[in-house]
>>> print(open('my_file-v9.csv').read())   # CSV, C-alpha atoms
chain,number,residue,atom,x,y,z
H,13,MET,CA,-59.7,-38.3,-18.1
H,14,THR,CA,-63.2,-39.7,-17.8
H,15,ASP,CA,-62.3,-42.0,-14.9
H,16,GLY,CA,-61.0,-39.0,-12.8
H,17,PRO,CA,-63.5,-36.6,-11.4
H,18,ARG,CA,-66.7,-37.3,-9.6
H,19,PHE,CA,-69.3,-35.4,-11.6
H,20,ALA,CA,-72.2,-33.7,-9.7
H,21,HIS,CA,-74.6,-34.3,-12.5
H,22,ALA,CA,-75.1,-36.9,-15.2
H,23,SER,CA,-75.2,-34.2,-17.9
H,24,GLU,CA,-71.7,-33.2,-16.9
H,25,ALA,CA,-70.4,-36.7,-17.4
H,26,GLU,CA,-72.2,-36.9,-20.8
H,27,LEU,CA,-70.6,-33.6,-21.9
H,28,ALA,CA,-67.2,-34.9,-20.8
H,29,ARG,CA,-67.7,-38.0,-22.9
H,30,ILE,CA,-68.6,-35.8,-25.9
H,31,LEU,CA,-65.5,-33.6,-25.4
H,32,ASP,CA,-63.4,-36.8,-25.1
H,33,PHE,CA,-64.9,-38.1,-28.3
H,34,TYR,CA,-63.8,-35.0,-30.2
H,35,GLU,CA,-60.5,-34.9,-28.4
H,36,VAL,CA,-61.1,-31.6,-26.8
H,37,ARG,CA,-59.0,-31.5,-23.5
H,38,TRP,CA,-61.0,-30.5,-20.4
H,39,GLU,CA,-60.5,-30.1,-16.7
H,40,TYR,CA,-63.4,-30.4,-14.3
H,41,GLU,CA,-63.9,-27.5,-11.9
H,42,PRO,CA,-60.2,-26.6,-11.8
H,43,ARG,CA,-60.6,-23.1,-10.4
H,44,THR,CA,-62.8,-21.3,-8.0
H,45,PHE,CA,-63.3,-17.6,-8.6
H,46,PRO,CA,-64.3,-15.3,-5.7
H,47,ILE,CA,-67.1,-13.1,-7.0
H,48,LEU,CA,-68.4,-11.3,-3.9
H,49,TRP,CA,-66.5,-9.8,-0.9
H,50,ASN,CA,-67.7,-8.2,2.3
H,51,THR,CA,-66.5,-4.8,3.5
H,52,ASP,CA,-63.6,-6.5,5.3
H,53,GLY,CA,-62.4,-7.9,2.0
H,54,GLN,CA,-63.4,-11.5,2.9
H,55,VAL,CA,-64.9,-13.7,0.1
H,56,VAL,CA,-68.6,-14.3,0.7
H,57,GLU,CA,-69.4,-15.9,-2.6
H,58,SER,CA,-67.5,-17.7,-5.2
H,59,PHE,CA,-68.1,-19.6,-8.5
H,60,SER,CA,-66.4,-22.7,-9.9
H,61,PRO,CA,-67.3,-23.2,-13.6
H,62,ASP,CA,-67.8,-26.9,-14.4
H,63,PHE,CA,-65.3,-27.2,-17.1
H,64,TYR,CA,-62.2,-25.5,-18.4
H,65,LEU,CA,-61.0,-26.3,-22.0
H,66,PRO,CA,-57.3,-25.3,-21.9
H,67,GLU,CA,-56.7,-25.4,-25.6
H,68,LEU,CA,-59.6,-23.0,-26.2
H,69,ASP,CA,-59.0,-21.0,-23.0
H,70,LEU,CA,-62.7,-21.4,-22.3
H,71,TYR,CA,-64.8,-22.0,-19.1
H,72,LEU,CA,-68.0,-23.9,-19.5
H,73,GLU,CA,-70.9,-23.9,-17.0
H,74,LEU,CA,-73.6,-26.4,-17.6
H,75,THR,CA,-76.9,-25.9,-16.1
H,76,THR,CA,-79.6,-28.3,-17.0
H,77,LEU,CA,-82.1,-27.2,-14.4
H,78,ARG,CA,-85.4,-25.7,-15.5
H,79,GLN,CA,-85.1,-22.2,-17.0
H,80,SER,CA,-87.0,-20.7,-14.1
H,81,LEU,CA,-84.4,-22.0,-11.7
H,82,VAL,CA,-81.3,-20.7,-13.4
H,83,ARG,CA,-81.7,-17.1,-12.3
H,84,LYS,CA,-79.3,-17.5,-9.5
H,85,LYS,CA,-76.7,-19.0,-11.7
H,86,ASN,CA,-77.2,-16.2,-14.3
H,87,ARG,CA,-76.5,-13.7,-11.5
H,88,LYS,CA,-73.4,-15.4,-10.4
H,89,LEU,CA,-72.2,-15.6,-14.0
H,90,ARG,CA,-72.8,-11.9,-14.4
H,91,ARG,CA,-70.7,-11.2,-11.3
H,92,LEU,CA,-68.0,-13.5,-12.6
H,93,ARG,CA,-67.8,-11.6,-15.9
H,94,GLU,CA,-67.8,-8.2,-14.2
H,95,SER,CA,-65.0,-9.3,-11.8
H,96,TYR,CA,-62.9,-11.1,-14.5
H,97,PRO,CA,-63.7,-9.4,-17.8
H,98,MET,CA,-60.8,-11.2,-19.6
H,99,LEU,CA,-62.3,-14.6,-18.8
H,100,HIS,CA,-64.0,-16.5,-21.5
H,101,VAL,CA,-67.1,-18.2,-20.0
H,102,LYS,CA,-70.0,-19.9,-21.7
H,103,LEU,CA,-73.2,-20.9,-20.0
H,104,PHE,CA,-74.8,-24.0,-21.4
H,105,TYR,CA,-78.5,-24.2,-20.6
H,106,ALA,CA,-80.9,-27.2,-20.6
H,107,ARG,CA,-82.2,-26.2,-24.0
H,108,ASP,CA,-78.6,-26.1,-25.3
H,109,PHE,CA,-77.9,-29.5,-23.8
H,110,ARG,CA,-81.1,-30.9,-25.3
H,111,ALA,CA,-80.1,-29.6,-28.7
H,112,LEU,CA,-76.7,-31.4,-28.3
H,113,LEU,CA,-78.5,-34.6,-27.4
H,114,LEU,CA,-80.8,-34.2,-30.4
H,115,LYS,CA,-77.8,-33.6,-32.7
H,116,TYR,CA,-76.2,-36.8,-31.6
H,117,GLY,CA,-79.5,-38.8,-31.8
H,118,ARG,CA,-79.6,-39.1,-28.0
H,119,LEU,CA,-82.7,-37.1,-27.2
H,120,ASP,CA,-84.3,-40.2,-25.5
H,121,ALA,CA,-81.6,-39.9,-22.9
H,122,ALA,CA,-82.7,-36.4,-22.0
H,123,PRO,CA,-85.1,-37.4,-19.2
H,124,TRP,CA,-82.3,-38.8,-17.1
H,125,LEU,CA,-79.6,-36.4,-18.1
H,126,ILE,CA,-81.5,-33.1,-17.6
H,127,GLY,CA,-82.9,-31.5,-14.5
H,128,THR,CA,-83.1,-32.9,-11.1
H,129,ASP,CA,-83.3,-36.5,-12.4
H,130,GLY,CA,-79.7,-36.3,-13.5
H,131,GLN,CA,-78.4,-35.3,-10.1
H,132,VAL,CA,-75.9,-37.7,-8.5
H,133,GLY,CA,-76.1,-38.7,-4.9
H,134,PRO,CA,-75.0,-41.5,-2.6
H,135,ASP,CA,-78.0,-43.6,-3.6
H,136,ARG,CA,-77.9,-42.6,-7.2
H,137,PRO,CA,-74.3,-43.0,-8.5
H,138,ILE,CA,-73.4,-41.9,-11.9
H,139,GLU,CA,-73.6,-44.5,-14.7
H,140,PRO,CA,-70.2,-45.1,-16.3
H,141,SER,CA,-71.9,-45.5,-19.6
H,142,LEU,CA,-75.5,-45.2,-20.6
H,143,ASP,CA,-77.7,-47.8,-22.3
H,144,PRO,CA,-77.2,-48.1,-26.0
H,145,VAL,CA,-79.5,-45.8,-27.9
H,146,PRO,CA,-80.1,-46.1,-31.6
H,147,VAL,CA,-78.1,-43.4,-33.3
H,148,ALA,CA,-80.0,-41.1,-35.7
H,149,LEU,CA,-77.3,-38.7,-36.9
H,150,ALA,CA,-78.6,-35.3,-37.4
H,151,HIS,CA,-75.7,-33.0,-38.4
H,152,PRO,CA,-72.6,-35.2,-38.2
H,153,ALA,CA,-70.4,-32.8,-40.0
H,154,ALA,CA,-70.9,-29.8,-37.8
E,956,MET,CA,-86.8,-42.7,-36.7
E,957,THR,CA,-89.7,-45.2,-36.9
E,958,ARG,CA,-92.3,-43.3,-38.8
E,959,THR,CA,-92.2,-42.7,-42.5
E,960,PRO,CA,-91.1,-39.1,-43.2
E,961,ASP,CA,-93.5,-36.8,-45.0
E,962,HIS,CA,-91.8,-33.8,-46.6
E,963,ALA,CA,-94.9,-31.7,-46.9
E,964,GLN,CA,-96.2,-32.4,-43.4
E,965,ASP,CA,-92.9,-32.5,-41.5
E,966,VAL,CA,-91.4,-29.2,-42.5
E,967,ALA,CA,-92.8,-26.3,-40.4
E,968,GLU,CA,-91.5,-23.6,-42.7
E,969,ILE,CA,-89.0,-23.0,-45.4
E,970,LEU,CA,-86.1,-21.1,-43.9
E,971,ILE,CA,-84.1,-20.6,-47.1
E,972,PRO,CA,-85.9,-21.1,-50.4
E,973,GLU,CA,-84.2,-22.8,-53.3
E,974,PRO,CA,-83.6,-19.7,-55.4
E,975,VAL,CA,-82.0,-17.8,-52.5
E,976,LEU,CA,-79.9,-20.8,-51.7
E,977,GLN,CA,-78.7,-21.1,-55.3
E,978,ALA,CA,-78.0,-17.4,-55.6
E,979,LYS,CA,-75.8,-17.6,-52.5
E,980,VAL,CA,-73.9,-20.6,-53.8
E,981,ALA,CA,-73.3,-18.8,-57.0
E,982,GLU,CA,-72.0,-15.7,-55.1
E,983,LEU,CA,-69.7,-17.9,-52.9
E,984,GLY,CA,-68.4,-19.7,-56.0
E,985,ALA,CA,-67.6,-16.4,-57.7
E,986,ARG,CA,-65.9,-15.1,-54.7
E,987,LEU,CA,-63.8,-18.2,-54.3
E,988,SER,CA,-62.9,-18.1,-58.0
E,989,VAL,CA,-61.4,-14.7,-57.4
E,990,ASP,CA,-59.7,-15.5,-54.1
E,991,TYR,CA,-58.1,-18.7,-55.4
E,992,ALA,CA,-57.3,-17.4,-58.9
E,993,GLY,CA,-54.0,-18.7,-60.2
E,994,GLN,CA,-53.7,-21.3,-57.3
E,995,PRO,CA,-55.5,-24.6,-57.8
E,996,VAL,CA,-57.5,-25.4,-54.7
E,997,THR,CA,-58.6,-28.7,-53.3
E,998,LEU,CA,-62.1,-28.7,-51.9
E,999,VAL,CA,-62.6,-31.2,-49.1
E,1000,SER,CA,-66.2,-32.1,-48.3
E,1001,VAL,CA,-67.4,-33.9,-45.2
E,1002,LEU,CA,-69.9,-36.6,-46.0
E,1003,LYS,CA,-72.8,-36.8,-46.1
E,1004,GLY,CA,-74.4,-33.5,-45.4
E,1005,SER,CA,-72.1,-31.3,-47.5
E,1006,LEU,CA,-72.6,-33.3,-50.7
E,1007,PRO,CA,-75.2,-31.1,-52.4
E,1008,PHE,CA,-73.4,-27.9,-51.4
E,1009,MET,CA,-70.1,-29.3,-52.6
E,1010,ALA,CA,-71.6,-30.4,-55.9
E,1011,ASP,CA,-73.2,-26.9,-56.6
E,1012,LEU,CA,-70.3,-24.9,-55.2
E,1013,MET,CA,-67.7,-26.6,-57.4
E,1014,ARG,CA,-69.8,-26.0,-60.5
E,1015,ALA,CA,-70.1,-22.3,-59.5
E,1016,MET,CA,-66.3,-22.0,-59.4
E,1017,THR,CA,-64.6,-21.2,-62.7
E,1018,ILE,CA,-61.0,-22.0,-61.7
E,1019,PRO,CA,-59.1,-25.3,-61.9
E,1020,LEU,CA,-59.8,-27.3,-58.7
E,1021,THR,CA,-59.7,-30.8,-57.3
E,1022,ILE,CA,-62.1,-32.4,-54.8
E,1023,ASP,CA,-61.8,-35.0,-52.1
E,1024,LEU,CA,-64.2,-36.5,-49.6
E,1025,MET,CA,-64.0,-37.4,-45.9
E,1026,GLU,CA,-66.3,-39.0,-43.5
E,1027,VAL,CA,-65.9,-39.0,-39.7
E,1028,SER,CA,-67.9,-40.8,-37.1
E,1029,SER,CA,-70.3,-38.8,-34.9
E,1030,TYR,CA,-70.7,-39.1,-31.2
E,1031,GLY,CA,-73.5,-41.5,-30.4
E,1032,GLY,CA,-73.0,-42.4,-26.7
E,1033,ALA,CA,-70.1,-44.1,-25.2
E,1034,VAL,CA,-71.2,-47.7,-25.4
E,1035,THR,CA,-72.4,-47.5,-29.0
E,1036,GLU,CA,-68.8,-46.8,-30.2
E,1037,THR,CA,-66.0,-49.2,-30.5
E,1038,SER,CA,-63.8,-46.5,-29.0
E,1039,GLY,CA,-64.7,-43.3,-27.4
E,1040,LEU,CA,-63.0,-41.2,-30.0
E,1041,VAL,CA,-63.8,-39.8,-33.5
E,1042,ARG,CA,-63.0,-42.3,-36.2
E,1043,ILE,CA,-62.1,-41.4,-39.7
E,1044,LEU,CA,-64.6,-43.5,-41.7
E,1045,LYS,CA,-63.2,-42.3,-45.0
E,1046,ASP,CA,-59.9,-40.5,-45.3
E,1047,LEU,CA,-58.6,-38.3,-48.1
E,1048,SER,CA,-57.7,-40.2,-51.2
E,1049,LYS,CA,-54.7,-38.0,-52.1
E,1050,THR,CA,-52.1,-36.1,-50.1
E,1051,ILE,CA,-52.8,-32.4,-49.4
E,1052,GLU,CA,-49.3,-31.6,-48.4
E,1053,GLY,CA,-48.3,-28.2,-49.9
E,1054,LYS,CA,-51.8,-27.7,-51.4
E,1055,ASP,CA,-54.3,-25.0,-50.8
E,1056,VAL,CA,-57.3,-26.7,-49.1
E,1057,LEU,CA,-60.8,-25.4,-48.6
E,1058,ILE,CA,-63.1,-27.4,-46.2
E,1059,VAL,CA,-66.6,-27.3,-47.5
E,1060,GLU,CA,-69.2,-27.7,-44.8
E,1061,ASP,CA,-73.0,-27.8,-44.8
E,1062,ILE,CA,-73.5,-26.4,-41.3
E,1063,ILE,CA,-71.3,-25.4,-38.3
E,1064,ASP,CA,-73.0,-25.4,-35.0
E,1065,THR,CA,-71.0,-26.7,-32.0
E,1066,GLY,CA,-67.8,-26.7,-34.0
E,1067,LEU,CA,-66.6,-29.9,-32.4
E,1068,THR,CA,-66.3,-32.0,-35.5
E,1069,LEU,CA,-64.8,-29.2,-37.5
E,1070,ASN,CA,-62.3,-28.4,-34.7
E,1071,TYR,CA,-61.2,-32.0,-34.9
E,1072,LEU,CA,-61.1,-32.0,-38.6
E,1073,VAL,CA,-59.0,-28.8,-38.8
E,1074,ARG,CA,-56.5,-30.2,-36.4
E,1075,TYR,CA,-56.4,-33.4,-38.4
E,1076,LEU,CA,-55.9,-31.7,-41.8
E,1077,ARG,CA,-53.4,-29.2,-40.4
E,1078,GLY,CA,-51.3,-32.3,-39.5
E,1079,LYS,CA,-51.1,-33.1,-43.2
E,1080,SER,CA,-49.2,-29.9,-43.9
E,1081,PRO,CA,-51.4,-28.1,-46.5
E,1082,ALA,CA,-50.1,-24.8,-47.8
E,1083,SER,CA,-53.3,-23.2,-46.6
E,1084,LEU,CA,-56.5,-24.3,-44.9
E,1085,ARG,CA,-59.7,-22.3,-45.1
E,1086,ILE,CA,-63.3,-23.0,-44.2
E,1087,CYS,CA,-66.4,-22.5,-46.2
E,1088,THR,CA,-69.8,-23.3,-44.7
E,1089,LEU,CA,-73.2,-22.8,-46.2
E,1090,LEU,CA,-74.9,-22.4,-42.8
E,1091,ASP,CA,-73.6,-21.0,-39.5
E,1092,LYS,CA,-75.6,-21.6,-36.4
E,1093,PRO,CA,-73.6,-19.6,-33.8
E,1094,ALA,CA,-76.1,-20.0,-31.0
E,1095,ARG,CA,-74.9,-23.6,-30.5
E,1096,ARG,CA,-71.2,-22.9,-30.7
E,1097,LEU,CA,-69.0,-24.6,-28.2
E,1098,VAL,CA,-65.7,-24.3,-30.0
E,1099,GLU,CA,-65.0,-21.0,-31.7
E,1100,ILE,CA,-63.7,-21.4,-35.2
E,1101,ASP,CA,-62.6,-18.8,-37.8
E,1102,ILE,CA,-64.9,-19.2,-40.7
E,1103,ASP,CA,-63.5,-17.7,-44.0
E,1104,TYR,CA,-66.6,-18.1,-46.1
E,1105,ARG,CA,-70.2,-18.2,-44.8
E,1106,GLY,CA,-73.4,-18.5,-46.7
E,1107,PHE,CA,-76.1,-17.8,-44.1
E,1108,THR,CA,-76.1,-17.2,-40.4
E,1109,ILE,CA,-79.2,-19.1,-39.2
E,1110,PRO,CA,-81.3,-18.9,-36.0
E,1111,ASP,CA,-81.3,-21.7,-33.5
E,1112,ARG,CA,-83.8,-24.0,-35.3
E,1113,PHE,CA,-83.5,-27.6,-36.3
E,1114,VAL,CA,-83.0,-27.5,-40.0
E,1115,VAL,CA,-83.1,-30.1,-42.7
E,1116,GLY,CA,-82.8,-30.3,-46.5
E,1117,TYR,CA,-80.0,-29.6,-49.1
E,1118,GLY,CA,-78.0,-32.4,-47.5
E,1119,LEU,CA,-79.0,-31.9,-43.9
E,1120,ASP,CA,-80.9,-34.8,-42.4
E,1121,TYR,CA,-82.8,-36.1,-39.5
E,1122,GLY,CA,-82.5,-39.8,-39.2
E,1123,GLU,CA,-80.9,-39.9,-42.7
E,1124,PHE,CA,-84.0,-38.5,-44.3
E,1125,TYR,CA,-84.9,-35.1,-45.8
E,1126,ARG,CA,-81.4,-34.6,-47.4
E,1127,ASN,CA,-83.0,-34.4,-50.9
E,1128,LEU,CA,-85.2,-31.3,-50.1
E,1129,PRO,CA,-84.0,-28.6,-52.5
E,1130,TYR,CA,-84.4,-25.9,-49.7
E,1131,ILE,CA,-83.5,-25.5,-46.1
E,1132,GLY,CA,-86.5,-26.1,-44.0
E,1133,VAL,CA,-87.3,-26.1,-40.3
E,1134,LEU,CA,-88.4,-29.5,-39.0
E,1135,LYS,CA,-91.5,-29.6,-36.8
E,1136,PRO,CA,-90.5,-30.4,-33.2
E,1137,GLU,CA,-93.0,-33.2,-33.0
E,1138,VAL,CA,-91.1,-35.1,-35.7
E,1139,TYR,CA,-88.0,-35.4,-33.6
E,1140,GLY,CA,-89.9,-35.8,-30.4
E,1141,ALA,CA,-89.2,-32.5,-28.8
E,1142,ALA,CA,-92.8,-31.1,-28.9
>>> encode(input="my_file-v9.csv", output="structure tokens")
Amino acid sequence: MTDGPRFAHASEAELARILDFYEVRWEYEPRTFPILWNTDGQVVESFSPDFYLPELDLYLELTTLRQSLVRKKNRKLRRLRESYPMLHVKLFYARDFRALLLKYGRLDAAPWLIGTDGQVGPDRPIEPSLDPVPVALAHPAA
Amino acid sequence: MTRTPDHAQDVAEILIPEPVLQAKVAELGARLSVDYAGQPVTLVSVLKGSLPFMADLMRAMTIPLTIDLMEVSSYGGAVTETSGLVRILKDLSKTIEGKDVLIVEDIIDTGLTLNYLVRYLRGKSPASLRICTLLDKPARRLVEIDIDYRGFTIPDRFVVGYGLDYGEFYRNLPYIGVLKPEVYGAA
């Protein structure tokens, strides 16, 4: 699964690796949900959550941008929940992702996995695997 | 972790003092003794963090029981692992087929490891499988899991002590404490 999609952000690739590790099936941006229509009924805004975990029937949206920049995403998520109340969606903020990295002893990878530094572009392809980092297990059983 | 841990300096505050912790363990033990009365239960603890909780909980239970231990690898980045999947570092020593099993956890946060473990143990056909955790940190949950017995629901803080570690240290603290962010480099 990890070889398939082209992730837009390094943090998404890392989350996919974590899900793979724990054998949680995922799909990357499998669905786009219209969330705003004009008076003619045409879709003017839509939202594609980053991950869908089919076994858990859960959509995950990962946003590792600074907290001050996530207002737009929060608004879109609110619309998504209003339009599709039966949908299970979880928003994963930068602080949540940092906590995940800390838990797995990978906090030193945070600078290039979080925020604009982790964005992937033509001149900055995603790394297939990151440099080895000493593992300091925090809560391995959780 | 390169610096030498200092228990007195590194803990910002005591979240759950030892007497409160012990009272809760006694309460859980009493409840489990009632719920599993007449049906010997196997407690399965996940190394290493659950060890103190397991040791105290089993002694707080007054019914016949057996114990077993498991250890699973934790995610540490793709290239540090020989394979990209969870590995069972220590498996159960006896079969649990047809037995009533209680997973004893120190903390549940993302639920990823426990989700894996539940699927793994269900595959061994126990008569029943329930979950008992000392600490529940729901703010970090990725995978929703039904918890049958819960000691404390805690806020989203980095906690150590009573089995919980940072860099393998602090497990021997008799209480649950909040680690100062500067200790793990998040300040």
>>> residues_around(input="my_file-v9.csv", residues="Glu1137 in chain E", least_positions_apart="2", cutoff="12 Å", atoms="all atoms listed in the file", output="list in words")
Met956, Arg958, Pro960, Gln964, Asp965, Val966, Ala967, Phe1113, Val1133, Leu1134, Lys1135, Tyr1139, Gly1140, Ala1141 and Ala1142 of chain E
>>> atom_distance(input="my_file-v9.csv", atom1="CA of Leu48 in chain H", atom2="CA of Leu92 in chain H")
9.0 Å
>>> atom_distance(input="my_file-v9.csv", atom1="CA of Asp1055 in chain E", atom2="CA of Leu1072 in chain E")
15.6 Å
>>> atom_distance(input="my_file-v9.csv", atom1="CA of Asp1120 in chain E", atom2="CA of Lys1003 in chain E")
9.1 Å
>>> closest_residue(input="my_file-v9.csv", among="E:Val1001, E:Val980, E:Leu1084, E:Leu1089", to="chain H", atoms="only C-alpha atoms")
E:Val1001
>>> closest_residue(input="my_file-v9.csv", among="E:Ser1005, E:Ser988, E:Thr1050, E:Thr1017", to="Leu1076 in chain E", atoms="only C-alpha atoms")
E:Thr1050
>>> closest_residue(input="my_file-v9.csv", among="E:Gln994, E:Ile1018, E:Asp1103, E:Leu1069", to="Lys1054 in chain E", atoms="only C-alpha atoms")
E:Gln994
>>> closest_atom_pairs(input="my_file-v9.csv", of="chain E", to="chain H", cutoff="7 Å", atoms="all atoms listed in the file", output="tab-separated table")
residue	atom	partner	partner_atom	distance
E:Val1001	CA	H:Ala153	CA	6.1
E:Gly1004	CA	H:Ala153	CA	6.8
E:Ser1029	CA	H:Pro152	CA	5.4
E:Tyr1030	CA	H:Tyr116	CA	6.0
E:Gly1031	CA	H:Tyr116	CA	5.6
E:Ala1033	CA	H:Ser141	CA	6.0
E:Val1034	CA	H:Pro144	CA	6.0
E:Thr1035	CA	H:Pro144	CA	5.7
E:Gly1039	CA	H:Phe33	CA	5.3
E:Leu1040	CA	H:Phe33	CA	4.0
E:Val1041	CA	H:Phe33	CA	5.6
E:Ile1062	CA	H:Ala154	CA	5.5
E:Ile1063	CA	H:Ala154	CA	4.4
E:Asp1064	CA	H:Ala154	CA	5.6
E:Thr1065	CA	H:Ala154	CA	6.6
E:Gly1066	CA	H:Ala154	CA	5.8
E:Leu1067	CA	H:Tyr34	CA	6.2
E:Thr1068	CA	H:Ala154	CA	5.6
E:Leu1069	CA	H:Ala154	CA	6.1
E:Tyr1071	CA	H:Tyr34	CA	6.2
E:Arg1095	CA	H:Asp108	CA	6.9
E:Leu1119	CA	H:His151	CA	6.5
E:Asp1120	CA	H:Ala150	CA	5.5
E:Tyr1121	CA	H:Ala150	CA	4.8
E:Gly1122	CA	H:Ala148	CA	4.5
E:Glu1123	CA	H:Leu149	CA	6.9
>>> residues_around(input="my_file-v9.csv", residues="Arg1085 in chain E", least_positions_apart="6", cutoff="10 Å", atoms="only C-alpha atoms", output="PyMOL selection string")
chain E and resi 998+1055-1059+1073+1101-1104
>>> residues_around(input="my_file-v9.csv", residues="Asp1111 in chain E", least_positions_apart="5", cutoff="9 Å", atoms="all atoms listed in the file", output="number ranges by chain")
E: 1092-1095
